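Chemist: Handing over input16.txt, compact mmCIF, C-alpha atoms.
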```
# COMPACT_ATOMS: atom_id res chain seq x y z
CA MET A 22 0.00 0.00 0.00
CA THR A 23 1.52 3.30 -1.03
CA ASN A 24 0.97 6.67 0.49
CA THR A 25 -0.01 9.45 -1.89
CA THR A 26 0.20 12.44 0.39
CA ALA A 27 3.51 13.59 -1.15
CA LEU A 28 2.00 13.93 -4.62
CA PRO A 29 1.84 17.73 -4.95
CA GLU A 30 5.54 17.99 -4.09
CA LEU A 31 6.48 15.97 -7.18
CA THR A 32 6.21 18.62 -9.87
CA PRO A 33 5.11 22.21 -10.24
CA TYR A 34 1.88 22.87 -12.06
CA THR A 35 3.17 22.51 -15.64
CA GLY A 36 0.25 20.75 -17.36
CA THR A 37 -2.34 22.32 -19.62
CA LEU A 38 -4.81 24.76 -18.08
CA ALA A 39 -7.43 22.00 -17.77
CA ASP A 40 -4.87 19.76 -16.06
CA ASN A 41 -3.84 22.43 -13.58
CA ILE A 42 -7.37 23.45 -12.72
CA LEU A 43 -8.50 19.91 -12.12
CA ARG A 44 -5.37 19.07 -10.16
CA ILE A 45 -5.76 21.95 -7.73
CA ALA A 46 -9.48 21.19 -7.33
CA LEU A 47 -8.62 17.56 -6.56
CA ASP A 48 -5.97 18.66 -4.06
CA VAL A 49 -8.65 20.52 -2.13
CA GLY A 50 -11.17 17.70 -2.55
CA GLU A 51 -8.69 15.07 -1.41
CA GLY A 52 -7.84 17.19 1.63
CA MET A 53 -11.50 17.52 2.57
CA LEU A 54 -12.21 13.81 2.12
CA THR A 55 -9.21 12.68 4.20
CA CYS A 56 -10.33 15.01 7.01
CA GLY A 57 -13.80 13.47 7.22
CA ALA A 58 -15.98 15.51 4.82
CA GLU A 59 -19.09 13.91 3.30
CA VAL A 60 -18.65 12.73 -0.30
CA HIS A 61 -21.46 15.00 -1.49
CA ARG A 62 -19.65 18.06 -0.12
CA VAL A 63 -16.41 17.01 -1.79
CA GLU A 64 -18.12 16.65 -5.17
CA VAL A 65 -19.76 20.06 -4.88
CA ALA A 66 -16.47 21.72 -3.85
CA ILE A 67 -14.52 20.20 -6.76
CA GLU A 68 -17.17 21.25 -9.24
CA LYS A 69 -17.35 24.81 -7.90
CA ILE A 70 -13.58 25.28 -7.92
CA CYS A 71 -13.30 24.04 -11.53
CA ARG A 72 -16.10 26.37 -12.62
CA THR A 73 -14.46 29.32 -10.88
CA TYR A 74 -11.30 28.72 -12.91
CA GLY A 75 -13.31 28.61 -16.14
CA ALA A 76 -14.20 24.97 -16.78
CA ALA A 77 -17.36 24.57 -18.83
CA HIS A 78 -18.37 21.08 -17.78
CA ILE A 79 -17.27 18.89 -14.85
CA ASP A 80 -17.98 15.28 -13.99
CA VAL A 81 -17.06 14.16 -10.49
CA PHE A 82 -17.57 10.76 -8.91
CA THR A 83 -16.53 10.32 -5.29
CA ILE A 84 -16.67 7.44 -2.85
CA HIS A 85 -14.91 7.31 0.52
CA SER A 86 -11.71 5.88 -1.03
CA LEU A 87 -11.64 7.38 -4.54
CA ILE A 88 -12.21 10.60 -6.44
CA LEU A 89 -12.66 10.46 -10.23
CA ALA A 90 -13.07 13.72 -12.08
CA ALA A 91 -13.07 15.15 -15.59
CA ALA A 92 -13.04 18.84 -16.52
CA TYR A 93 -13.82 20.24 -19.98
CA MET A 94 -12.77 23.76 -20.98
CA PRO A 95 -14.82 25.98 -23.32
CA ASP A 96 -12.12 25.58 -26.03
CA GLY A 97 -12.59 21.80 -26.02
CA SER A 98 -9.44 20.87 -24.11
CA HIS A 99 -10.04 18.55 -21.20
CA SER A 100 -8.45 16.61 -18.38
CA THR A 101 -9.34 13.48 -16.45
CA GLN A 102 -7.69 12.70 -13.13
CA SER A 103 -8.24 10.46 -10.16
CA ARG A 104 -7.17 10.25 -6.54
CA ARG A 105 -7.08 7.13 -4.42
CA ILE A 106 -7.74 7.84 -0.74
CA TYR A 107 -6.21 5.26 1.55
CA GLU A 108 -6.96 6.61 4.96
CA THR A 109 -9.46 9.04 6.35
CA SER A 110 -9.61 10.31 9.90
CA ASN A 111 -11.69 13.04 11.43
CA ASN A 112 -9.59 16.18 11.55
CA LEU A 113 -12.24 18.85 11.84
CA SER A 114 -10.00 21.89 12.30
CA ARG A 115 -8.21 21.06 9.05
CA LEU A 116 -11.54 20.42 7.37
CA GLU A 117 -12.63 23.89 8.43
CA LEU A 118 -9.48 25.35 6.82
CA TYR A 119 -10.11 23.44 3.57
CA ASN A 120 -13.72 24.63 3.56
CA SER A 121 -12.74 28.24 4.00
CA LEU A 122 -10.02 27.84 1.34
CA SER A 123 -12.51 26.45 -1.15
CA ARG A 124 -14.95 29.25 -0.36
CA ARG A 125 -12.22 31.87 -0.86
CA ILE A 126 -11.18 30.27 -4.16
CA CYS A 127 -14.72 30.74 -5.45
CA GLU A 128 -15.18 34.26 -4.06
CA GLU A 129 -11.77 35.77 -4.78
CA THR A 130 -10.44 33.46 -7.57
CA LEU A 131 -7.08 32.92 -5.85
CA SER A 132 -4.19 32.02 -8.15
CA ILE A 133 -3.32 28.32 -8.44
CA ALA A 134 0.14 28.93 -6.96
CA ARG A 135 -1.44 30.64 -3.97
CA VAL A 136 -3.90 27.78 -3.41
CA ASP A 137 -1.03 25.28 -3.62
CA GLU A 138 0.85 27.24 -0.98
CA GLU A 139 -2.18 27.38 1.31
CA ILE A 140 -2.75 23.62 1.00
CA ARG A 141 0.83 23.03 2.12
CA GLU A 142 0.19 25.28 5.13
CA ILE A 143 -3.01 23.40 6.01
CA LYS A 144 -1.15 20.07 5.90
CA LYS A 145 1.33 21.42 8.45
CA GLU A 146 -1.45 22.57 10.78
CA ARG A 147 -1.58 20.79 14.15
CA ALA A 148 -4.60 21.76 16.25
CA TYR A 149 -3.35 20.04 19.40
CA PRO A 150 0.00 18.78 20.67
CA PHE A 151 0.27 15.02 21.12
CA TYR A 152 0.00 15.10 24.91
CA LEU A 153 -3.43 16.73 24.66
CA ILE A 154 -4.57 14.04 22.23
CA VAL A 155 -3.41 11.43 24.76
CA LEU A 156 -5.31 13.21 27.54
CA ALA A 157 -8.39 13.35 25.30
CA HIS A 158 -8.25 9.56 24.85
CA ALA A 159 -8.04 9.20 28.63
CA LEU A 160 -10.93 11.62 29.19
CA ALA A 161 -13.14 9.89 26.62
CA ALA A 162 -12.44 6.32 27.81
CA GLY A 163 -12.77 7.27 31.49
CA SER A 164 -15.97 9.24 30.97
CA PHE A 165 -17.69 6.49 29.00
CA ALA A 166 -16.71 3.79 31.52
CA VAL A 167 -18.59 5.83 34.15
CA PHE A 168 -21.34 6.77 31.66
CA PHE A 169 -22.23 3.10 31.13
CA GLY A 170 -22.44 2.50 34.88
CA GLY A 171 -18.87 1.99 36.08
CA SER A 172 -17.49 3.31 39.37
CA LEU A 173 -14.99 6.15 39.66
CA ARG A 174 -12.19 3.59 39.97
CA ASP A 175 -13.35 1.92 36.75
CA GLY A 176 -13.25 5.33 35.08
CA ILE A 177 -9.68 5.96 36.21
CA THR A 178 -8.63 2.49 35.04
CA ALA A 179 -10.25 2.99 31.63
CA ALA A 180 -8.56 6.39 31.37
CA LEU A 181 -5.14 4.84 32.03
CA ILE A 182 -5.77 2.17 29.39
CA GLY A 183 -6.94 4.95 27.05
CA VAL A 184 -3.50 6.55 27.43
CA VAL A 185 -1.82 3.30 26.36
CA MET A 186 -4.23 3.00 23.41
CA ALA A 187 -3.40 6.54 22.26
CA PHE A 188 0.29 5.60 22.12
CA LEU A 189 -0.42 2.27 20.39
CA ASP A 190 -2.56 4.07 17.82
CA ARG A 191 0.41 6.26 16.95
CA VAL A 192 2.71 3.33 16.13
CA LYS A 193 2.94 2.97 12.37
CA ILE A 194 3.85 -0.41 10.94
CA ASP A 195 3.79 -0.65 7.15
CA GLN A 196 3.15 -4.38 7.03
CA ILE A 197 0.06 -4.22 9.22
CA ASN A 198 -3.20 -2.93 7.80
CA LYS A 199 -5.75 -0.91 9.71
CA MET A 200 -8.01 -3.86 10.52
CA VAL A 201 -5.22 -5.94 12.04
CA LYS A 202 -4.01 -2.91 13.95
CA THR A 203 -7.51 -2.40 15.38
CA MET A 204 -7.51 -6.04 16.48
CA LEU A 205 -4.08 -5.75 18.11
CA ILE A 206 -5.02 -2.58 20.00
CA SER A 207 -8.27 -4.23 21.13
CA PHE A 208 -6.31 -7.27 22.29
CA ALA A 209 -3.90 -5.08 24.27
CA ALA A 210 -6.74 -3.04 25.78
CA GLY A 211 -8.62 -6.21 26.73
CA LEU A 212 -5.55 -7.74 28.34
CA LEU A 213 -4.80 -4.56 30.29
CA SER A 214 -8.42 -4.38 31.48
CA CYS A 215 -8.23 -7.97 32.82
CA LEU A 216 -4.89 -7.21 34.46
CA ALA A 217 -6.23 -4.02 36.08
CA VAL A 218 -9.17 -5.91 37.60
CA HIS A 219 -6.87 -8.76 38.66
CA ILE A 220 -4.52 -6.47 40.61
CA GLY A 221 -7.51 -4.69 42.14
CA LEU A 222 -7.23 -1.35 40.37
CA GLY A 223 -10.58 -1.59 38.60
CA GLU A 224 -13.79 -3.16 39.88
CA ASN A 225 -16.07 -4.00 36.94
CA LEU A 226 -14.34 -5.56 33.95
CA ASP A 227 -17.36 -4.97 31.66
CA MET A 228 -17.47 -1.23 32.36
CA ILE A 229 -13.74 -0.75 31.85
CA ILE A 230 -13.89 -2.64 28.57
CA ILE A 231 -16.89 -0.69 27.23
CA GLY A 232 -15.10 2.59 28.06
CA THR A 233 -12.05 1.58 26.05
CA ILE A 234 -14.20 0.15 23.24
CA MET A 235 -15.74 3.57 22.68
CA LEU A 236 -12.33 4.84 21.52
CA LEU A 237 -12.19 2.37 18.63
CA ILE A 238 -15.75 1.42 17.75
CA PRO A 239 -16.90 2.96 14.43
CA GLY A 240 -20.28 3.97 15.83
CA LEU A 241 -20.07 7.42 14.31
CA SER A 242 -19.07 6.10 10.90
CA LEU A 243 -22.02 3.68 11.03
CA GLY A 244 -24.30 6.67 11.67
CA ASN A 245 -22.68 8.59 8.82
CA ALA A 246 -22.98 5.58 6.54
CA MET A 247 -26.72 5.47 7.19
CA ARG A 248 -26.94 9.20 6.47
CA ASP A 249 -25.08 8.64 3.17
CA LEU A 250 -27.56 5.90 2.28
CA LEU A 251 -30.55 8.12 3.04
CA SER A 252 -29.10 11.03 1.06
CA GLY A 253 -28.59 8.92 -2.07
CA ASP A 254 -24.85 8.12 -1.82
CA THR A 255 -25.70 4.42 -1.88
CA LEU A 256 -22.25 3.13 -2.74
CA THR A 257 -20.36 5.07 -0.07
CA GLY A 258 -23.05 4.24 2.49
CA THR A 259 -22.85 0.53 1.73
CA LEU A 260 -19.05 0.43 1.76
CA LYS A 261 -18.84 2.36 5.02
CA THR A 262 -21.44 0.11 6.66
CA VAL A 263 -19.49 -3.01 5.70
CA GLN A 264 -16.26 -1.38 6.86
CA ALA A 265 -17.81 -0.45 10.22
CA ILE A 266 -19.15 -3.97 10.78
CA ILE A 267 -15.82 -5.60 9.89
CA THR A 268 -13.94 -3.19 12.16
CA ALA A 269 -16.35 -4.08 14.97
CA ILE A 270 -15.79 -7.80 14.29
CA MET A 271 -12.01 -7.34 14.44
CA MET A 272 -12.41 -5.53 17.76
CA ALA A 273 -14.63 -8.26 19.16
CA LEU A 274 -12.02 -10.83 18.12
CA GLY A 275 -9.25 -8.84 19.81
CA TYR A 276 -11.15 -8.45 23.08
CA ALA A 277 -12.36 -12.06 23.03
CA LEU A 278 -8.81 -13.31 22.54
CA ALA A 279 -7.64 -11.18 25.48
CA LEU A 280 -10.40 -12.55 27.71
CA LEU A 281 -9.47 -16.05 26.63
CA VAL A 282 -5.77 -15.53 27.34
CA ALA A 283 -6.49 -13.91 30.70
CA GLY A 284 -8.71 -16.87 31.60
CA GLY A 285 -11.78 -14.79 32.22
CA GLY A 286 -13.85 -17.04 29.96
CA LEU A 287 -16.02 -15.77 27.13
CA MET B 22 -31.75 10.74 39.62
CA THR B 23 -28.09 10.70 40.65
CA ASP B 24 -27.24 8.28 37.86
CA ILE B 25 -28.89 10.59 35.31
CA ILE B 26 -26.76 13.50 36.54
CA VAL B 27 -23.65 11.30 36.41
CA ARG B 28 -24.52 10.31 32.83
CA LEU B 29 -25.06 13.95 31.81
CA ILE B 30 -21.70 15.02 33.26
CA THR B 31 -19.81 12.10 31.73
CA ALA B 32 -21.57 12.72 28.38
CA LEU B 33 -20.20 16.27 28.50
CA LEU B 34 -16.67 15.14 29.39
CA GLY B 35 -16.70 12.25 26.93
CA THR B 36 -17.86 14.55 24.13
CA LEU B 37 -15.09 16.98 25.04
CA GLY B 38 -12.55 14.14 24.81
CA PHE B 39 -13.83 13.05 21.42
CA ALA B 40 -13.98 16.64 20.16
CA ILE B 41 -10.27 16.99 20.90
CA MET B 42 -9.59 13.62 19.25
CA PHE B 43 -11.48 14.93 16.20
CA ARG B 44 -9.27 18.07 16.32
CA VAL B 45 -12.15 20.49 16.73
CA SER B 46 -10.39 23.85 17.03
CA ARG B 47 -10.08 25.37 20.51
CA SER B 48 -12.56 28.21 20.02
CA ARG B 49 -15.30 25.72 18.98
CA LEU B 50 -14.63 23.16 21.75
CA PRO B 51 -17.05 24.56 24.38
CA TRP B 52 -19.90 24.57 21.83
CA ALA B 53 -19.16 21.04 20.72
CA ALA B 54 -19.05 19.74 24.31
CA LEU B 55 -22.21 21.63 25.28
CA GLY B 56 -23.92 20.14 22.24
CA GLY B 57 -23.01 16.63 23.39
CA LEU B 58 -24.52 17.33 26.81
CA LEU B 59 -27.75 18.82 25.41
CA THR B 60 -28.15 16.09 22.78
CA TYR B 61 -27.81 13.42 25.43
CA ALA B 62 -30.23 15.33 27.69
CA VAL B 63 -32.87 15.21 24.93
CA TYR B 64 -32.18 11.48 24.46
CA GLU B 65 -32.49 10.80 28.19
CA LEU B 66 -35.72 12.83 28.41
CA PHE B 67 -37.42 10.85 25.64
CA TRP B 68 -35.97 7.60 26.97
CA GLN B 69 -37.46 8.29 30.43
CA LEU B 70 -40.82 9.32 28.95
CA LEU B 71 -41.29 6.66 26.26
CA GLY B 72 -38.50 4.10 26.66
CA ASP B 73 -38.17 3.65 22.90
CA PRO B 74 -34.66 3.79 21.37
CA LEU B 75 -35.88 4.72 17.87
CA ILE B 76 -37.92 7.74 19.00
CA SER B 77 -35.26 8.86 21.52
CA ALA B 78 -32.55 8.68 18.86
CA PHE B 79 -34.78 10.46 16.35
CA ALA B 80 -35.66 13.32 18.71
CA SER B 81 -32.12 13.82 19.97
CA SER B 82 -30.65 13.72 16.45
CA LEU B 83 -33.22 16.21 15.23
CA PHE B 84 -32.17 18.52 18.06
CA MET B 85 -28.47 17.84 17.43
CA ALA B 86 -28.71 18.66 13.71
CA LEU B 87 -30.68 21.87 14.30
CA TYR B 88 -28.23 22.92 17.04
CA SER B 89 -25.21 22.20 14.80
CA GLU B 90 -26.73 23.93 11.79
CA ALA B 91 -27.64 27.01 13.84
CA LEU B 92 -24.18 27.25 15.38
CA ALA B 93 -22.54 26.67 12.00
CA ARG B 94 -24.38 29.69 10.63
CA ILE B 95 -23.72 31.89 13.65
CA LEU B 96 -20.01 31.01 13.93
CA HIS B 97 -19.39 30.56 10.15
CA ALA B 98 -18.10 26.99 10.44
CA PRO B 99 -18.94 23.70 8.71
CA THR B 100 -21.87 21.88 10.34
CA ILE B 101 -20.06 18.60 11.00
CA ILE B 102 -17.62 20.32 13.37
CA PHE B 103 -20.51 20.33 15.85
CA LEU B 104 -22.50 17.41 14.46
CA PHE B 105 -19.80 14.72 14.90
CA PRO B 106 -18.98 15.43 18.58
CA CYS B 107 -22.67 15.91 19.48
CA ALA B 108 -23.48 12.48 18.08
CA ILE B 109 -20.96 10.69 20.30
CA PRO B 110 -23.13 10.15 23.43
CA ILE B 111 -26.04 8.69 21.43
CA VAL B 112 -24.04 6.75 18.82
CA PRO B 113 -24.58 3.04 19.57
CA GLY B 114 -20.92 2.15 20.15
CA GLY B 115 -21.62 -0.40 22.85
CA GLY B 116 -24.61 -1.79 20.93
CA LEU B 117 -22.57 -2.34 17.76
CA TYR B 118 -19.82 -4.04 19.76
CA TYR B 119 -22.18 -6.39 21.62
CA THR B 120 -24.02 -7.16 18.37
CA VAL B 121 -20.93 -8.46 16.58
CA TYR B 122 -19.58 -10.06 19.77
CA ASN B 123 -22.74 -12.13 20.15
CA LEU B 124 -22.77 -12.81 16.42
CA LEU B 125 -19.23 -14.22 16.59
CA PHE B 126 -19.97 -16.46 19.56
CA TRP B 127 -23.53 -17.08 18.46
CA ASN B 128 -25.59 -16.10 21.47
CA GLU B 129 -28.70 -15.83 19.37
CA ALA B 130 -31.00 -14.08 21.84
CA GLU B 131 -28.41 -11.47 22.82
CA PHE B 132 -27.42 -10.95 19.19
CA VAL B 133 -31.00 -10.27 18.10
CA ARG B 134 -31.66 -7.96 21.04
CA ASN B 135 -28.51 -5.88 20.45
CA ALA B 136 -28.87 -5.85 16.68
CA LYS B 137 -32.44 -4.56 17.01
CA SER B 138 -31.58 -1.71 19.35
CA THR B 139 -28.43 -0.77 17.41
CA ALA B 140 -30.33 -0.69 14.12
CA SER B 141 -33.16 1.36 15.70
CA ILE B 142 -30.74 3.95 17.08
CA VAL B 143 -28.73 4.24 13.84
CA LEU B 144 -31.91 4.50 11.78
CA GLY B 145 -33.46 7.00 14.21
CA MET B 146 -30.32 9.15 14.07
CA ALA B 147 -30.12 9.09 10.29
CA VAL B 148 -33.81 9.95 9.87
CA GLY B 149 -33.55 12.67 12.54
CA VAL B 150 -30.61 14.35 10.80
CA SER B 151 -32.31 14.04 7.40
CA VAL B 152 -35.58 15.53 8.66
CA ALA B 153 -33.59 18.38 10.20
CA SER B 154 -31.96 19.10 6.85
CA ILE B 155 -35.39 19.15 5.17
CA ILE B 156 -36.65 21.60 7.82
CA ILE B 157 -33.58 23.81 7.41
CA GLY B 158 -33.85 23.72 3.61
CA GLY B 159 -37.50 24.75 3.87
CA VAL B 160 -36.77 27.57 6.31
CA LEU B 161 -33.93 28.90 4.15
CA GLN B 162 -36.07 28.79 1.04
CA ALA B 163 -38.90 30.59 2.83
CA ALA B 164 -36.46 33.20 4.13
CA GLY B 165 -35.08 33.69 0.61
CA ALA B 166 -38.57 34.08 -0.85
CA LEU B 167 -39.46 36.58 1.87
CA ARG B 168 -36.35 38.63 1.14
CA LYS B 169 -37.19 38.71 -2.57
CA MET B 170 -40.74 39.87 -1.84
CA ARG B 171 -39.44 42.68 0.37
CA GLU B 172 -37.00 43.79 -2.30
CA LYS B 173 -39.85 44.08 -4.79
```
Could you spell out this file's structure in structure tokens?
Modeler:
Amino acid sequence: MTNTTALPELTPYTGTLADNILRIALDVGEGMLTCGAEVHRVEVAIEKICRTYGAAHIDVFTIHSLILAAAYMPDGSHSTQSRRIYETSNNLSRLELYNSLSRRICEETLSIARVDEEIREIKKERAYPFYLIVLAHALAAGSFAVFFGGSLRDGITAALIGVVMAFLDRVKIDQINKMVKTMLISFAAGLLSCLAVHIGLGENLDMIIIGTIMLLIPGLSLGNAMRDLLSGDTLTGTLKTVQAIITAIMMALGYALALLVAGGGL
Amino acid sequence: MTDIIVRLITALLGTLGFAIMFRVSRSRLPWAALGGLLTYAVYELFWQLLGDPLISAFASSLFMALYSEALARILHAPTIIFLFPCAIPIVPGGGLYYTVYNLLFWNEAEFVRNAKSTASIVLGMAVGVSVASIIIGGVLQAAGALRKMREK
């Protein structure tokens, strides 16, 4: 699996006008999609940007992992390009920057070089330092352990395991895909939960586990998938639903394996 | 009553945690977290009154979408910045997990029970958000028509 994020660094914008217009529109669209935007929004943004730069006709097809687009200029020249999206994660502050960039492109017709520069800036943007992200994992896991009926001690235990999960999530191993990684993190979290109860730190194994599960479970993406289905993006909705269910199965396998190893029984 | 208060507070804190994980920018964080609390409060209210997951999810999602859309317009931000964090307390994370867990180890009764409630909540949320977007579209169109009439 190759990573395509370095693409715009390869060459300056030296293609035909149609090529350049479509490429910059796809750069913005790709950015939005990888930050968690809905496919419909991405399609609209790409079309609007191309029109702003003078394209006469645009065809865009987007699903959660691919953008296909063609732009036709009034003089008959045209360009067809595609982007494969390997990984999306919710980065809403970056999404906000992409949205405002795409709005400014349409209102002020920024030059392509300027847009390229701004996209590079957005990619450098870090809303929070890593330690705050770790604390957020702890806060979320701890809160939901108590939310689902755990004691304060269960909450603290889940928060500590959340910290470990935040670090594990950061480890990047090229040979391991996202599904296997989810299973491994689930296994580690399950094992740590059993251990914490065993040494007397936590009280209710179920509550600690459900708190840590909330960090990984694709509940939100299942909800979004259903919204895609209802709004007519049938393909994306179906694919995301299947992805969410398989992720959940991998998690269940990871936790079940941990319970089995720790001797807690299924 | 105490457990409801505990759930409301932890919904607020949990939403805050997820909002940071979603990289919601600092100035929007309080609104996102407050939205999570209010959305869950609506869910809890309907749950206590009617005890039906579908209706509770529908009502709370309707509220959540209207809240997010209103804030998005006031603060000039994309709607999903508020929508995603707000959805966290009502999203059926536990339900989805228990559904596949019981599917894997074939506890039929538990699987059916969890699958039903998870599907109801997801469906209720999706319909709630969709209805909200219809309402907002209608209101915007009416406002636009009104403005045109005044200009004439």
Chemist: For range 59-61 of chain A, please output as a VMD selection string all residues within 9 Å (counting all atoms listed in the file; exclusion window: fewer than 3 positions along the same chain).
Modeler: chain A and resid 53 to 54 64 to 66 82 to 85 245 249 252 254 257
Chemist: Given all atoms listed in the file as the basis, pick out the residue of A:Gly253, A:Gly163, A:Gly57, A:Gly284 nearest to Leu216 in chain A.
Modeler: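 Looking at the shortest contact to Leu216 in chain A, the residue is A:Gly284.
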Chemist: Please report as JSON lines every residue of chain B lying within 8 Å of chain A, along with the nearest atom pair and their distance in Å (one decimal), using all atoms listed in the file.
Modeler:
```
{"residue": "B:Val27", "atom": "CA", "partner": "A:Phe168", "partner_atom": "CA", "distance": 7.0}
{"residue": "B:Arg28", "atom": "CA", "partner": "A:Phe168", "partner_atom": "CA", "distance": 4.9}
{"residue": "B:Thr31", "atom": "CA", "partner": "A:Ser164", "partner_atom": "CA", "distance": 4.8}
{"residue": "B:Ala32", "atom": "CA", "partner": "A:Phe168", "partner_atom": "CA", "distance": 6.8}
{"residue": "B:Leu34", "atom": "CA", "partner": "A:Ser164", "partner_atom": "CA", "distance": 6.1}
{"residue": "B:Gly35", "atom": "CA", "partner": "A:Ala161", "partner_atom": "CA", "distance": 4.3}
{"residue": "B:Thr36", "atom": "CA", "partner": "A:Ala161", "partner_atom": "CA", "distance": 7.1}
{"residue": "B:Leu37", "atom": "CA", "partner": "A:Ala161", "partner_atom": "CA", "distance": 7.5}
{"residue": "B:Gly38", "atom": "CA", "partner": "A:Ala157", "partner_atom": "CA", "distance": 4.3}
{"residue": "B:Phe39", "atom": "CA", "partner": "A:Ala161", "partner_atom": "CA", "distance": 6.1}
{"residue": "B:Ile41", "atom": "CA", "partner": "A:Ala157", "partner_atom": "CA", "distance": 6.0}
{"residue": "B:Met42", "atom": "CA", "partner": "A:Ile154", "partner_atom": "CA", "distance": 5.9}
{"residue": "B:Phe43", "atom": "CA", "partner": "A:Asn111", "partner_atom": "CA", "distance": 5.1}
{"residue": "B:Arg44", "atom": "CA", "partner": "A:Asn112", "partner_atom": "CA", "distance": 5.1}
{"residue": "B:Val45", "atom": "CA", "partner": "A:Ser114", "partner_atom": "CA", "distance": 5.1}
{"residue": "B:Ser46", "atom": "CA", "partner": "A:Ser114", "partner_atom": "CA", "distance": 5.1}
{"residue": "B:Arg47", "atom": "CA", "partner": "A:Ala148", "partner_atom": "CA", "distance": 7.8}
{"residue": "B:Ala98", "atom": "CA", "partner": "A:Glu117", "partner_atom": "CA", "distance": 6.6}
{"residue": "B:Pro99", "atom": "CA", "partner": "A:Glu117", "partner_atom": "CA", "distance": 6.3}
{"residue": "B:Ile101", "atom": "CA", "partner": "A:Leu113", "partner_atom": "CA", "distance": 7.9}
{"residue": "B:Ile102", "atom": "CA", "partner": "A:Leu113", "partner_atom": "CA", "distance": 5.8}
{"residue": "B:Phe105", "atom": "CA", "partner": "A:Leu241", "partner_atom": "CA", "distance": 7.3}
{"residue": "B:Ala108", "atom": "CA", "partner": "A:Leu241", "partner_atom": "CA", "distance": 7.2}
{"residue": "B:Ile109", "atom": "CA", "partner": "A:Leu241", "partner_atom": "CA", "distance": 6.9}
{"residue": "B:Val112", "atom": "CA", "partner": "A:Gly240", "partner_atom": "CA", "distance": 5.6}
{"residue": "B:Pro113", "atom": "CA", "partner": "A:Gly240", "partner_atom": "CA", "distance": 5.8}
{"residue": "B:Gly114", "atom": "CA", "partner": "A:Gly240", "partner_atom": "CA", "distance": 4.7}
{"residue": "B:Gly115", "atom": "CA", "partner": "A:Ile231", "partner_atom": "CA", "distance": 6.5}
{"residue": "B:Leu117", "atom": "CA", "partner": "A:Gly240", "partner_atom": "CA", "distance": 7.0}
{"residue": "B:Tyr118", "atom": "CA", "partner": "A:Ala269", "partner_atom": "CA", "distance": 5.9}
{"residue": "B:Val121", "atom": "CA", "partner": "A:Ile270", "partner_atom": "CA", "distance": 5.7}
{"residue": "B:Tyr122", "atom": "CA", "partner": "A:Ala273", "partner_atom": "CA", "distance": 5.3}
{"residue": "B:Leu125", "atom": "CA", "partner": "A:Ile270", "partner_atom": "CA", "distance": 7.6}
{"residue": "B:Val143", "atom": "CA", "partner": "A:Gly244", "partner_atom": "CA", "distance": 5.5}
{"residue": "B:Leu144", "atom": "CA", "partner": "A:Met247", "partner_atom": "CA", "distance": 7.0}
{"residue": "B:Met146", "atom": "CA", "partner": "A:Gly244", "partner_atom": "CA", "distance": 6.9}
{"residue": "B:Ala147", "atom": "CA", "partner": "A:Arg248", "partner_atom": "CA", "distance": 5.0}
{"residue": "B:Val148", "atom": "CA", "partner": "A:Arg248", "partner_atom": "CA", "distance": 7.7}
{"residue": "B:Val150", "atom": "CA", "partner": "A:Arg248", "partner_atom": "CA", "distance": 7.7}
{"residue": "B:Ser151", "atom": "CA", "partner": "A:Arg248", "partner_atom": "CA", "distance": 7.3}
```
Chemist: Given all atoms listed in the file as the basis, pick out the residue of A:Asp80, A:Ile206, A:Leu89, A:Ser123 nearest to Arg62 in chain A.
Modeler: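 So, comparing all the options, the nearest one is A:Ser123.
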Chemist: Could you check how far CA of Ala91 in chain A sits from CA of Leu43 in chain A, in Å to one decimal?
Modeler: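 Taking CA of Ala91 in chain A and CA of Leu43 in chain A, their separation equals 7.5 Å.
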Chemist: With all atoms of range 51-58 of chain B from the file as input, state the centre and edge lengths in Å to one decimal of the axis-aligned box that has 8 Å extra on each side, as AutoDock Vina command-line options.
Modeler:
```
--center_x -20.8 --center_y 20.6 --center_z 23.8 --size_x 23.5 --size_y 23.9 --size_z 22.1
```
Chemist: For a test of reading the model, state the distance in Å between CA of Leu47 in chain A and CA of Gln102 in chain A, rounded to one decimal.
Modeler: 8.2 Å
Chemist: List as a ChimeraX atom specification the protein and nucleic acid residues near range 79-95 of chain B, meaning an atom at most 12 Å away when only C-alpha atoms are counted, but skip any in the same chain fewer than 6 places from it.
Modeler: /A:117,244,248 /B:49,51-68,71,73,101-112,141-158,160-161
Chemist: Between CA of Gly211 in chain A and CA of Lys261 in chain A, what is the distance, to one decimal in Å?
Modeler: 25.5 Å
